[in-house]
$ cat protein_6.cif   # mmCIF, C-alpha atoms
data_input
loop_
_atom_site.label_atom_id
_atom_site.label_comp_id
_atom_site.auth_asym_id
_atom_site.auth_seq_id
_atom_site.Cartn_x
_atom_site.Cartn_y
_atom_site.Cartn_z
CA MET A 475 40.91 82.93 337.40
CA ASN A 476 37.67 83.69 339.21
CA GLN A 477 38.71 87.16 340.38
CA PHE A 478 38.85 88.32 336.75
CA SER A 479 35.70 86.55 335.52
CA GLY A 480 33.84 89.86 335.37
CA LEU A 481 36.10 90.84 332.44
CA ASP A 482 34.68 87.98 330.37
CA LEU A 483 31.79 90.19 329.29
CA LEU A 484 33.96 92.98 327.87
CA ALA A 485 34.00 93.48 324.09
CA SER A 486 37.64 94.61 324.16
CA SER A 487 40.49 92.13 324.62
CA VAL A 488 42.02 91.90 328.10
CA LEU A 489 45.22 90.18 329.24
CA VAL A 490 46.36 90.01 332.86
CA LEU A 491 50.09 89.39 333.35
CA ASP A 492 52.25 88.20 336.20
CA PRO A 493 55.55 89.97 337.17
CA GLU A 494 57.42 87.90 334.54
CA ALA A 495 55.07 89.08 331.75
CA ARG A 496 53.38 85.66 331.59
CA ILE A 497 49.66 85.54 330.78
CA LEU A 498 47.54 84.65 333.81
CA TYR A 499 44.17 85.50 332.28
CA ALA A 500 42.71 86.23 328.83
CA ASN A 501 39.05 87.03 328.31
CA PRO A 502 37.03 85.53 325.39
CA ALA A 503 37.53 88.69 323.30
CA ALA A 504 41.31 88.24 323.63
CA GLU A 505 40.99 84.61 322.58
CA ASN A 506 39.12 85.72 319.45
CA LEU A 507 41.55 88.54 318.67
CA LEU A 508 44.65 86.39 319.12
CA GLU A 509 42.98 83.34 317.53
CA ARG A 510 44.07 81.04 320.38
CA PRO A 511 42.15 79.50 323.28
CA PHE A 512 43.12 80.44 326.82
CA LYS A 513 44.65 76.98 327.33
CA LEU A 514 47.28 77.85 324.70
CA LEU A 515 47.71 81.45 325.87
CA GLN A 516 48.11 80.60 329.55
CA HIS A 517 51.68 81.08 330.81
CA LEU A 518 52.93 82.34 327.43
CA LYS A 519 55.08 85.44 327.76
CA LEU A 520 53.95 88.72 326.23
CA ASN A 521 56.84 88.74 323.75
CA ASP A 522 55.80 85.25 322.54
CA LEU A 523 52.59 86.69 321.06
CA PHE A 524 53.99 89.25 318.61
CA LEU A 525 57.02 89.57 316.35
CA ASN A 526 57.38 93.27 317.19
CA GLY A 527 56.02 93.46 320.74
CA ASP A 528 58.89 95.58 322.12
CA GLU A 529 56.75 98.69 322.66
CA LEU A 530 54.07 96.68 324.43
CA LEU A 531 56.72 94.96 326.56
CA SER A 532 58.24 98.34 327.40
CA GLY A 533 54.81 99.53 328.54
CA PHE A 534 54.50 96.42 330.72
CA GLU A 535 57.87 97.09 332.35
CA GLN A 536 56.96 100.72 333.02
CA ALA A 537 53.62 99.67 334.53
CA LEU A 538 55.39 97.08 336.66
CA ALA A 539 57.70 99.83 337.95
CA ARG A 540 54.63 102.01 338.67
CA GLN A 541 55.86 104.77 336.38
CA PHE A 542 52.25 105.52 335.38
CA ALA A 543 48.67 104.54 336.16
CA ASP A 544 47.94 103.65 332.53
CA LYS A 545 49.60 104.13 329.15
CA ARG A 546 47.73 104.38 325.84
CA GLN A 547 49.13 104.03 322.33
CA ASP A 548 48.21 102.85 318.84
CA LEU A 549 50.24 99.85 317.69
CA ILE A 550 50.55 97.54 314.70
CA LEU A 551 51.32 94.14 316.17
CA GLU A 552 52.75 91.60 313.74
CA ARG A 553 52.12 87.88 314.18
CA ASN A 554 53.72 84.86 312.60
CA GLY A 555 51.37 83.39 309.98
CA HIS A 556 48.55 85.84 310.72
CA GLU A 557 47.48 89.29 309.57
CA ALA A 558 48.93 92.16 311.60
CA LEU A 559 46.69 93.64 314.29
CA HIS A 560 45.96 97.39 314.34
CA VAL A 561 45.10 98.07 317.98
CA HIS A 562 44.75 100.79 320.57
CA SER A 563 46.53 99.44 323.65
CA ILE A 564 45.97 100.46 327.27
CA VAL A 565 48.52 99.20 329.80
CA THR A 566 47.35 99.55 333.41
CA SER A 567 49.01 98.92 336.78
CA LEU A 568 47.07 96.72 339.20
CA ASP A 569 47.41 96.58 342.99
CA LEU A 570 47.95 92.83 342.90
CA ALA A 571 51.34 91.32 343.67
CA HIS A 572 50.73 88.16 341.62
CA ALA A 573 49.02 90.03 338.74
CA PRO A 574 50.45 93.54 338.59
CA VAL A 575 49.65 94.52 334.99
CA LEU A 576 46.53 94.49 332.80
CA ILE A 577 46.68 95.10 329.05
CA GLU A 578 43.58 96.01 327.07
CA LEU A 579 43.67 95.77 323.25
CA ARG A 580 40.98 97.46 321.17
CA GLU A 581 41.10 96.67 317.49
CA ASN A 582 41.40 99.87 315.45
CA VAL A 583 38.78 99.04 312.83
CA GLN A 584 38.97 102.45 311.16
CA GLN A 585 42.72 102.14 310.63
CA VAL A 586 42.31 98.65 309.18
CA LYS A 587 39.67 100.02 306.81
CA LEU A 588 41.90 102.90 305.69
CA ASP A 589 44.85 100.58 305.12
CA ARG A 590 42.65 98.23 303.09
CA GLU A 591 41.39 101.13 300.95
CA GLU A 592 44.96 102.30 300.35
CA ARG A 593 45.91 98.78 299.26
CA MET A 594 42.92 98.74 296.90
CA GLN A 595 43.96 102.09 295.42
CA ASP A 596 47.53 100.90 294.94
CA GLN A 597 46.22 97.69 293.41
CA ASN A 598 44.02 99.64 291.00
CA LYS A 599 47.01 101.71 289.88
CA GLU A 600 49.07 98.54 289.43
CA ASN A 601 46.23 97.02 287.42
CA LYS A 602 46.15 100.00 285.07
CA GLU A 603 49.91 99.84 284.58
CA LEU A 604 49.78 96.10 284.00
CA ILE A 605 46.97 96.53 281.47
CA ARG A 606 48.85 99.21 279.55
CA ASN A 607 51.97 97.06 279.42
CA LEU A 608 49.97 93.98 278.48
CA ALA A 609 48.22 95.82 275.66
CA HIS A 610 51.51 97.15 274.33
CA GLU A 611 53.14 93.72 274.40
CA ILE A 612 50.18 91.94 272.77
CA LYS A 613 48.59 94.30 270.26
CA ASN A 614 51.46 94.89 267.84
CA PRO A 615 52.59 91.27 267.39
CA LEU A 616 48.95 90.19 267.35
CA GLY A 617 48.22 92.33 264.33
CA GLY A 618 51.29 90.91 262.60
CA ILE A 619 50.25 87.31 263.34
CA ARG A 620 46.74 87.89 261.99
CA GLY A 621 48.03 89.65 258.88
CA ALA A 622 50.58 86.92 258.19
CA ALA A 623 47.86 84.25 258.52
CA GLN A 624 45.66 86.11 256.02
CA LEU A 625 48.53 86.42 253.52
CA LEU A 626 49.41 82.77 254.03
CA GLU A 627 45.80 81.80 253.29
CA LEU A 628 46.00 83.60 249.94
CA GLU A 629 49.14 81.67 249.03
CA LEU A 630 47.84 78.20 249.84
CA PRO A 631 48.17 75.67 246.98
CA GLU A 632 44.76 75.14 245.42
CA ARG A 633 44.66 71.37 245.84
CA HIS A 634 45.20 71.60 249.63
CA ALA A 635 43.54 74.96 250.23
CA LYS A 636 40.43 73.61 251.91
CA GLU A 637 42.25 71.50 254.50
CA LEU A 638 44.99 74.05 255.19
CA ARG A 639 42.54 76.94 255.43
CA GLU A 640 41.20 75.37 258.62
CA TYR A 641 44.57 76.00 260.26
CA THR A 642 44.89 79.58 259.07
CA GLN A 643 41.34 80.25 260.24
CA VAL A 644 42.25 78.97 263.71
CA ILE A 645 45.12 81.47 263.82
CA ILE A 646 42.89 84.34 262.63
CA LYS A 647 40.04 83.54 265.04
CA GLU A 648 42.36 83.16 268.02
CA ALA A 649 44.04 86.47 267.12
CA ASP A 650 40.59 88.10 267.00
CA ARG A 651 39.70 86.58 270.37
CA LEU A 652 42.85 87.97 271.93
CA GLN A 653 42.15 91.36 270.34
CA ILE A 654 38.70 91.40 271.99
CA LEU A 655 40.32 90.47 275.31
CA VAL A 656 42.80 93.34 275.05
CA ASP A 657 40.01 95.77 274.09
CA ARG A 658 38.01 94.70 277.15
CA LEU A 659 41.06 95.26 279.34
CA LEU A 660 41.51 98.77 277.95
CA ALA A 661 37.79 99.68 277.90
CA PRO A 662 37.58 101.40 281.33
CA ASN A 663 40.43 103.77 280.47
CA ARG A 664 39.23 104.51 276.94
CA LEU A 665 35.50 105.11 277.14
CA PRO A 666 34.23 108.47 278.47
CA GLN A 667 31.61 108.34 281.19
CA ALA A 668 27.99 109.14 280.28
CA ILE A 669 27.15 111.13 283.40
CA ALA A 670 23.48 111.51 284.37
CA ASP A 671 21.22 111.10 287.40
CA VAL A 672 21.32 107.50 288.63
CA ASN A 673 18.80 105.66 290.78
CA ILE A 674 20.67 102.74 292.31
CA HIS A 675 17.49 100.70 292.69
CA GLU A 676 16.79 100.95 288.96
CA VAL A 677 20.31 99.60 288.43
CA CYS A 678 19.67 96.69 290.82
CA GLU A 679 16.28 95.90 289.27
CA ARG A 680 17.77 95.86 285.78
CA VAL A 681 20.43 93.39 286.89
CA ARG A 682 17.88 91.33 288.80
CA SER A 683 15.75 90.90 285.67
CA LEU A 684 18.80 89.76 283.67
CA ILE A 685 19.87 87.22 286.30
CA VAL A 686 16.33 85.87 286.74
CA ALA A 687 16.00 85.45 282.98
CA GLU A 688 19.19 83.35 282.90
CA PHE A 689 18.44 81.40 286.10
CA PRO A 690 14.62 81.19 286.30
CA ARG A 691 14.50 78.30 288.80
CA GLY A 692 16.31 77.47 292.00
CA LEU A 693 17.70 80.99 292.61
CA SER A 694 16.01 83.52 294.88
CA ILE A 695 17.06 87.17 294.48
CA LYS A 696 15.94 89.20 297.46
CA ARG A 697 15.79 92.98 297.80
CA ASP A 698 16.55 94.85 301.00
CA TYR A 699 16.34 98.45 299.80
CA ASP A 700 16.46 101.79 301.58
CA LEU A 701 14.11 103.72 299.32
CA SER A 702 15.17 107.05 300.82
CA ILE A 703 18.54 106.91 299.03
CA PRO A 704 18.74 109.93 296.70
CA GLU A 705 19.77 109.88 293.06
CA PHE A 706 23.38 110.76 292.36
CA ARG A 707 25.47 111.69 289.34
CA GLY A 708 27.08 108.73 287.64
CA ASP A 709 27.28 106.47 284.61
CA GLN A 710 24.28 104.15 284.81
CA GLN A 711 25.59 101.69 282.24
CA GLN A 712 28.89 101.33 284.07
CA LEU A 713 27.09 100.70 287.35
CA ILE A 714 24.79 98.14 285.73
CA GLN A 715 27.90 96.38 284.43
CA VAL A 716 29.47 96.44 287.92
CA VAL A 717 26.43 94.93 289.66
CA LEU A 718 25.87 92.46 286.81
CA ASN A 719 29.48 91.24 286.89
CA ILE A 720 29.29 90.58 290.64
CA ALA A 721 25.80 89.07 290.61
CA HIS A 722 26.57 86.86 287.61
CA ASN A 723 29.74 85.59 289.30
CA ALA A 724 27.63 84.83 292.37
CA ALA A 725 25.07 82.93 290.31
CA GLN A 726 27.81 80.88 288.65
CA ALA A 727 29.24 80.04 292.08
CA LEU A 728 25.76 78.99 293.23
CA LEU A 729 25.13 76.36 290.56
CA SER A 730 25.15 73.53 293.10
CA GLU A 731 22.74 75.42 295.39
CA ILE A 732 20.54 76.31 292.38
CA ALA A 733 20.22 72.62 291.56
CA HIS A 734 18.89 72.04 295.08
CA HIS A 735 16.67 75.19 295.06
CA ARG A 736 18.47 76.82 297.97
CA ALA A 737 20.51 79.51 296.19
CA GLU A 738 20.08 83.10 297.32
CA ILE A 739 21.44 86.50 296.29
CA ILE A 740 20.57 89.64 298.25
CA PHE A 741 20.72 93.22 296.95
CA LYS A 742 20.95 95.47 300.00
CA THR A 743 21.18 99.28 299.97
CA ARG A 744 21.82 101.64 302.86
CA VAL A 745 23.16 105.13 303.51
CA VAL A 746 26.28 105.64 305.62
CA ARG A 747 27.19 108.99 307.11
CA GLN A 748 30.48 110.75 307.71
CA ILE A 749 32.68 108.27 305.88
CA THR A 750 36.17 108.55 304.43
CA LEU A 751 36.68 107.11 300.93
CA ALA A 752 40.14 107.24 299.34
CA LYS A 753 41.24 109.76 302.02
CA VAL A 754 38.34 112.13 301.26
CA ARG A 755 35.64 112.76 303.84
CA TYR A 756 32.01 112.60 302.65
CA ARG A 757 28.83 113.50 304.50
CA LEU A 758 26.82 110.68 302.85
CA ALA A 759 27.60 107.61 300.79
CA LEU A 760 25.67 104.80 299.14
CA ASP A 761 26.36 101.46 300.82
CA LEU A 762 25.45 98.68 298.38
CA HIS A 763 25.88 95.01 299.29
CA ILE A 764 25.60 92.04 296.92
CA ILE A 765 25.47 88.95 299.13
CA ASP A 766 25.26 85.27 298.17
CA ASN A 767 25.11 82.03 300.14
CA GLY A 768 27.56 80.16 297.94
CA PRO A 769 30.73 78.26 298.87
CA GLY A 770 32.84 81.40 299.15
CA ILE A 771 35.84 82.62 297.20
CA PRO A 772 38.79 80.16 297.25
CA VAL A 773 41.30 81.18 299.91
CA GLU A 774 44.22 81.06 297.48
CA ILE A 775 42.79 83.88 295.32
CA ARG A 776 40.81 85.83 297.92
CA ASP A 777 43.40 88.61 298.13
CA ARG A 778 43.79 88.83 294.33
CA ILE A 779 40.22 88.76 293.03
CA PHE A 780 40.43 92.29 291.60
CA TYR A 781 43.63 91.53 289.67
CA PRO A 782 43.30 91.08 285.89
CA LEU A 783 42.95 87.50 284.62
CA VAL A 784 42.40 86.03 288.11
CA SER A 785 39.30 83.83 288.08
CA GLY A 786 37.80 81.40 290.55
CA ARG A 787 36.09 79.20 287.95
CA ASP A 788 37.03 77.32 284.81
CA GLY A 789 36.34 79.33 281.68
CA GLY A 790 36.21 82.67 283.49
CA SER A 791 38.02 85.57 281.83
CA GLY A 792 39.17 87.08 285.13
CA LEU A 793 38.15 90.56 283.95
CA GLY A 794 34.73 91.08 285.53
CA LEU A 795 35.92 92.26 288.93
CA THR A 796 38.83 94.21 287.46
CA LEU A 797 36.35 96.19 285.34
CA ALA A 798 34.04 96.58 288.35
CA GLN A 799 36.85 98.05 290.43
CA ALA A 800 37.85 100.43 287.63
CA PHE A 801 34.27 101.67 287.16
CA ILE A 802 33.69 102.20 290.89
CA THR A 803 37.00 104.09 291.17
CA GLN A 804 35.77 106.39 288.40
CA HIS A 805 32.78 107.16 290.64
CA ALA A 806 35.14 108.16 293.52
CA GLY A 807 34.03 105.02 295.35
CA VAL A 808 35.54 101.83 296.71
CA ILE A 809 34.65 98.16 296.36
CA ASP A 810 35.60 95.43 298.78
CA CYS A 811 34.71 91.84 299.56
CA GLU A 812 34.43 89.60 302.59
CA SER A 813 33.95 85.90 301.94
CA ARG A 814 33.54 82.70 303.89
CA PRO A 815 31.70 79.46 303.12
CA GLY A 816 27.99 80.27 303.06
CA CYS A 817 28.36 84.03 302.71
CA THR A 818 30.18 86.22 300.20
CA ASP A 819 29.51 89.95 300.58
CA PHE A 820 30.65 92.48 297.97
CA ARG A 821 30.34 95.99 299.37
CA ILE A 822 30.30 99.10 297.16
CA LEU A 823 30.56 102.61 298.62
CA ILE A 824 29.87 105.64 296.39
CA PRO A 825 29.62 109.28 297.58
CA LEU A 826 26.11 110.80 297.57
CA PRO A 827 25.21 114.47 297.11
#

$ encode --input "protein_6.cif" --output "structure tokens"
Amino acid sequence: MNQFSGLDLLASSVLVLDPEARILYANPAAENLLERPFKLLQHLKLNDLFLNGDELLSGFEQALARQFADKRQDLILERNGHEALHVHSIVTSLDLAHAPVLIELRENVQQVKLDREERMQDQNKENKELIRNLAHEIKNPLGGIRGAAQLLELELPERHAKELREYTQVIIKEADRLQILVDRLLAPNRLPQAIADVNIHEVCERVRSLIVAEFPRGLSIKRDYDLSIPEFRGDQQQLIQVVLNIAHNAAQALLSEIAHHRAEIIFKTRVVRQITLAKVRYRLALDLHIIDNGPGIPVEIRDRIFYPLVSGRDGGSGLGLTLAQAFITQHAGVIDCESRPGCTDFRILIPLP
């Protein structure tokens, strides 16, 4: 509709409705937010868009009755097959008989971020509980299996000892492997932190040298550092392990790009100000990004990458990101990831003094 074309340039999402709550106009921002082109939105009713749009519909009806000039409220709008939208809605009456109501939706990015951090915290707690239970269920019978295999080896008849010892050794070695796995799962909760002054760029450079040594050709590791970032108190070895786990996963995912000499990992550091981490407000925080141009994390595991034993590649232990999350949590920070084909971005936020 040409009379509303000026709204096309707005960054916030705008819907114009007729008296029956049907959509007459949606600007490009609304198309992006609702993930539908205008051709599919046109003539849909407002209550067709959301599973819980009663409050928004009530606002429409009140605007239609001219009970107010505009009404503002924060809403969580649920959609079938899509993530819920956290929005600030503004419902406005228009002096147009054929288009009496305009609805503006502004995505509440801060609320989405807080909800995501809460989910990450809950997930971290669940991980710890899962690990404790897993260790309890595995360790005791594992010791018994290994001990029984050792005793069995001593009782083997001499004439068949050599051949049969191969089987007992398989049992013993597999028991040892599982013991190492359990110890790695428990490591973040067992080992005390070695707190000292940490320079995050020394951490990144250490990891960079390790990755370059393993992948000397075909992989470019770029630095985009803010050298003004101050030192902070932390466990340098834990942070090296965090960055190494993420960067090594990235390098493994980039094997195809490495073969064609187009693989790239970026270490990027910035400072963010006035940020809330785990419901605590901080004046400054380190903002570390580890970005790669690989194929992206598979969609089916994207929401579970920090869970124990979840891996996106064959032969992966599924512990690297679990340990990374545990170590960052110990630094009062948060770790998150956004991934799509061609760009995977792990973001680490840690409070600064």

$ closest_residue --input "protein_6.cif" --among "A:His763, A:Lys636, A:His572, A:Lys647" --to "Phe820 of chain A" --atoms "only C-alpha atoms"
A:His763

$ resolve_selection --input "protein_6.cif" --expression "the PyMOL selection byres ((chain A and resi 725) around 12)" --output "ChimeraX atom specification"
/A:681-682,684-695,718-724,726-733,736-740,764-770,787,818

$ atom_distance --input "protein_6.cif" --atom1 "atom CA of Thr803 of chain A" --atom2 "atom CA of Arg707 of chain A"
13.9 Å

$ residues_around --input "protein_6.cif" --residues "Glu557 of chain A" --least-positions-apart "2" --cutoff "12 Å" --atoms "all atoms listed in the file" --output "number ranges by chain"
A: 507-509, 524-525, 550-555, 559-560, 586

$ resolve_selection --input "protein_6.cif" --expression "the PyMOL selection byres ((chain A and resi 516-523) around 6)" --output "list in words"
Ala495, Arg496, Ile497, Leu498, Phe512, Lys513, Leu514, Leu515, Phe524 and Gly527 of chain A

$ closest_residue --input "protein_6.cif" --among "A:Cys811, A:Val754, A:Leu713, A:Ile824" --to "Leu797 of chain A" --atoms "only C-alpha atoms"
A:Leu713

$ residues_around --input "protein_6.cif" --residues "segment 614-619 of chain A" --least-positions-apart "2" --cutoff "12 Å" --atoms "all atoms listed in the file" --output "PyMOL selection string"
chain A and resi 607-612+621-626+642-656

$ resolve_selection --input "protein_6.cif" --expression "the PyMOL selection byres ((chain A and resi 804) around 10)" --output "PyMOL selection string"
chain A and resi 662-663+667+708-709+712+798-803+805-808+824

$ atom_distance --input "protein_6.cif" --atom1 "atom CA of Asn526 of chain A" --atom2 "atom CA of Arg776 of chain A"
26.5 Å

$ atom_distance --input "protein_6.cif" --atom1 "atom CA of Cys817 of chain A" --atom2 "atom CA of Ala503 of chain A"
23.0 Å

$ closest_residue --input "protein_6.cif" --among "A:Leu568, A:Leu628, A:Val773, A:Leu758" --to "Ala539 of chain A" --atoms "all atoms listed in the file"
A:Leu568

$ residues_around --input "protein_6.cif" --residues "Val565 of chain A" --least-positions-apart "6" --cutoff "12 Å" --atoms "all atoms listed in the file" --output "PyMOL selection string"
chain A and resi 487-491+529-538+540-548+574-580

$ closest_residue --input "protein_6.cif" --among "A:Arg755, A:Lys742, A:Arg747, A:Arg697" --to "Asp819 of chain A" --atoms "only C-alpha atoms"
A:Lys742

$ axis_aligned_box --input "protein_6.cif" --around "segment 477-480 of chain A" --padding-each-side "5 Å" --output "lines of an AutoDock Vina configuration file"
center_x = 36.3
center_y = 88.2
center_z = 337.9
size_x = 15.0
size_y = 13.3
size_z = 15.0

$ closest_residue --input "protein_6.cif" --among "A:Asp698, A:Asp569, A:Glu581, A:Glu637" --to "Ser486 of chain A" --atoms "all atoms listed in the file"
A:Glu581

$ closest_residue --input "protein_6.cif" --among "A:Glu627, A:Asp528, A:Phe741, A:Ser563" --to "Glu679 of chain A" --atoms "only C-alpha atoms"
A:Phe741

$ decode --input "protein_6.cif" --residues "segment 717-747 of chain A" --atoms "N, CA and C atoms" --output "mmCIF file, in the first residue's frame"
data_model
loop_
_atom_site.group_PDB
_atom_site.id
_atom_site.type_symbol
_atom_site.label_atom_id
_atom_site.label_comp_id
_atom_site.auth_asym_id
_atom_site.auth_seq_id
_atom_site.Cartn_x
_atom_site.Cartn_y
_atom_site.Cartn_z
ATOM 1 N N VAL A 717 39.933 -21.653 25.313
ATOM 2 C CA VAL A 717 40.154 -21.140 23.959
ATOM 3 C C VAL A 717 40.681 -22.246 23.049
ATOM 4 N N LEU A 718 41.537 -23.119 23.594
ATOM 5 C CA LEU A 718 42.085 -24.212 22.791
ATOM 6 C C LEU A 718 40.985 -25.195 22.384
ATOM 7 N N ASN A 719 40.110 -25.535 23.314
ATOM 8 C CA ASN A 719 39.025 -26.465 22.985
ATOM 9 C C ASN A 719 38.163 -25.923 21.848
ATOM 10 N N ILE A 720 37.828 -24.634 21.915
ATOM 11 C CA ILE A 720 36.969 -24.040 20.883
ATOM 12 C C ILE A 720 37.713 -23.931 19.562
ATOM 13 N N ALA A 721 38.953 -23.426 19.618
ATOM 14 C CA ALA A 721 39.723 -23.237 18.386
ATOM 15 C C ALA A 721 40.063 -24.568 17.723
ATOM 16 N N HIS A 722 40.355 -25.579 18.532
ATOM 17 C CA HIS A 722 40.674 -26.892 17.961
ATOM 18 C C HIS A 722 39.437 -27.509 17.317
ATOM 19 N N ASN A 723 38.273 -27.355 17.956
ATOM 20 C CA ASN A 723 37.027 -27.819 17.334
ATOM 21 C C ASN A 723 36.804 -27.123 15.994
ATOM 22 N N ALA A 724 37.088 -25.815 15.974
ATOM 23 C CA ALA A 724 36.925 -25.052 14.734
ATOM 24 C C ALA A 724 37.855 -25.578 13.651
ATOM 25 N N ALA A 725 39.108 -25.827 14.018
ATOM 26 C CA ALA A 725 40.075 -26.333 13.037
ATOM 27 C C ALA A 725 39.643 -27.688 12.490
ATOM 28 N N GLN A 726 39.133 -28.545 13.358
ATOM 29 C CA GLN A 726 38.656 -29.856 12.912
ATOM 30 C C GLN A 726 37.474 -29.711 11.947
ATOM 31 N N ALA A 727 36.600 -28.732 12.232
ATOM 32 C CA ALA A 727 35.455 -28.513 11.350
ATOM 33 C C ALA A 727 35.864 -27.898 10.017
ATOM 34 N N LEU A 728 37.068 -27.332 9.977
ATOM 35 C CA LEU A 728 37.552 -26.630 8.780
ATOM 36 C C LEU A 728 38.433 -27.495 7.886
ATOM 37 N N LEU A 729 38.490 -28.783 8.123
ATOM 38 C CA LEU A 729 39.426 -29.631 7.378
ATOM 39 C C LEU A 729 39.240 -29.515 5.864
ATOM 40 N N SER A 730 37.991 -29.436 5.413
ATOM 41 C CA SER A 730 37.753 -29.296 3.981
ATOM 42 C C SER A 730 38.281 -27.963 3.462
ATOM 43 N N GLU A 731 38.026 -26.882 4.224
ATOM 44 C CA GLU A 731 38.519 -25.561 3.831
ATOM 45 C C GLU A 731 40.045 -25.497 3.901
ATOM 46 N N ILE A 732 40.641 -26.194 4.894
ATOM 47 C CA ILE A 732 42.103 -26.226 5.003
ATOM 48 C C ILE A 732 42.712 -26.856 3.764
ATOM 49 N N ALA A 733 42.082 -27.918 3.281
ATOM 50 C CA ALA A 733 42.592 -28.601 2.087
ATOM 51 C C ALA A 733 42.593 -27.686 0.869
ATOM 52 N N HIS A 734 41.689 -26.703 0.856
ATOM 53 C CA HIS A 734 41.607 -25.771 -0.269
ATOM 54 C C HIS A 734 42.221 -24.408 0.066
ATOM 55 N N HIS A 735 42.926 -24.331 1.213
ATOM 56 C CA HIS A 735 43.634 -23.112 1.636
ATOM 57 C C HIS A 735 42.706 -21.899 1.761
ATOM 58 N N ARG A 736 41.512 -22.136 2.301
ATOM 59 C CA ARG A 736 40.603 -21.005 2.499
ATOM 60 C C ARG A 736 40.009 -21.002 3.917
ATOM 61 N N ALA A 737 40.640 -21.743 4.824
ATOM 62 C CA ALA A 737 40.152 -21.815 6.210
ATOM 63 C C ALA A 737 40.629 -20.594 6.989
ATOM 64 N N GLU A 738 39.765 -20.129 7.890
ATOM 65 C CA GLU A 738 40.091 -18.922 8.655
ATOM 66 C C GLU A 738 39.484 -19.005 10.049
ATOM 67 N N ILE A 739 40.285 -18.669 11.051
ATOM 68 C CA ILE A 739 39.819 -18.507 12.424
ATOM 69 C C ILE A 739 40.229 -17.109 12.866
ATOM 70 N N ILE A 740 39.330 -16.409 13.534
ATOM 71 C CA ILE A 740 39.605 -15.059 14.014
ATOM 72 C C ILE A 740 39.501 -15.032 15.531
ATOM 73 N N PHE A 741 40.522 -14.491 16.195
ATOM 74 C CA PHE A 741 40.476 -14.180 17.616
ATOM 75 C C PHE A 741 40.207 -12.672 17.729
ATOM 76 N N LYS A 742 39.079 -12.334 18.308
ATOM 77 C CA LYS A 742 38.684 -10.923 18.404
ATOM 78 C C LYS A 742 38.404 -10.568 19.858
ATOM 79 N N THR A 743 39.004 -9.494 20.355
ATOM 80 C CA THR A 743 38.773 -9.060 21.733
ATOM 81 C C THR A 743 38.257 -7.629 21.747
ATOM 82 N N ARG A 744 37.295 -7.389 22.613
ATOM 83 C CA ARG A 744 36.744 -6.052 22.821
ATOM 84 C C ARG A 744 36.374 -5.892 24.296
ATOM 85 N N VAL A 745 36.067 -4.664 24.672
ATOM 86 C CA VAL A 745 35.525 -4.378 25.996
ATOM 87 C C VAL A 745 34.071 -3.968 25.830
ATOM 88 N N VAL A 746 33.186 -4.518 26.652
ATOM 89 C CA VAL A 746 31.796 -4.047 26.688
ATOM 90 C C VAL A 746 31.550 -3.404 28.045
ATOM 91 N N ARG A 747 30.680 -2.430 28.052
ATOM 92 C CA ARG A 747 30.426 -1.652 29.264
ATOM 93 C C ARG A 747 28.995 -1.832 29.731
#
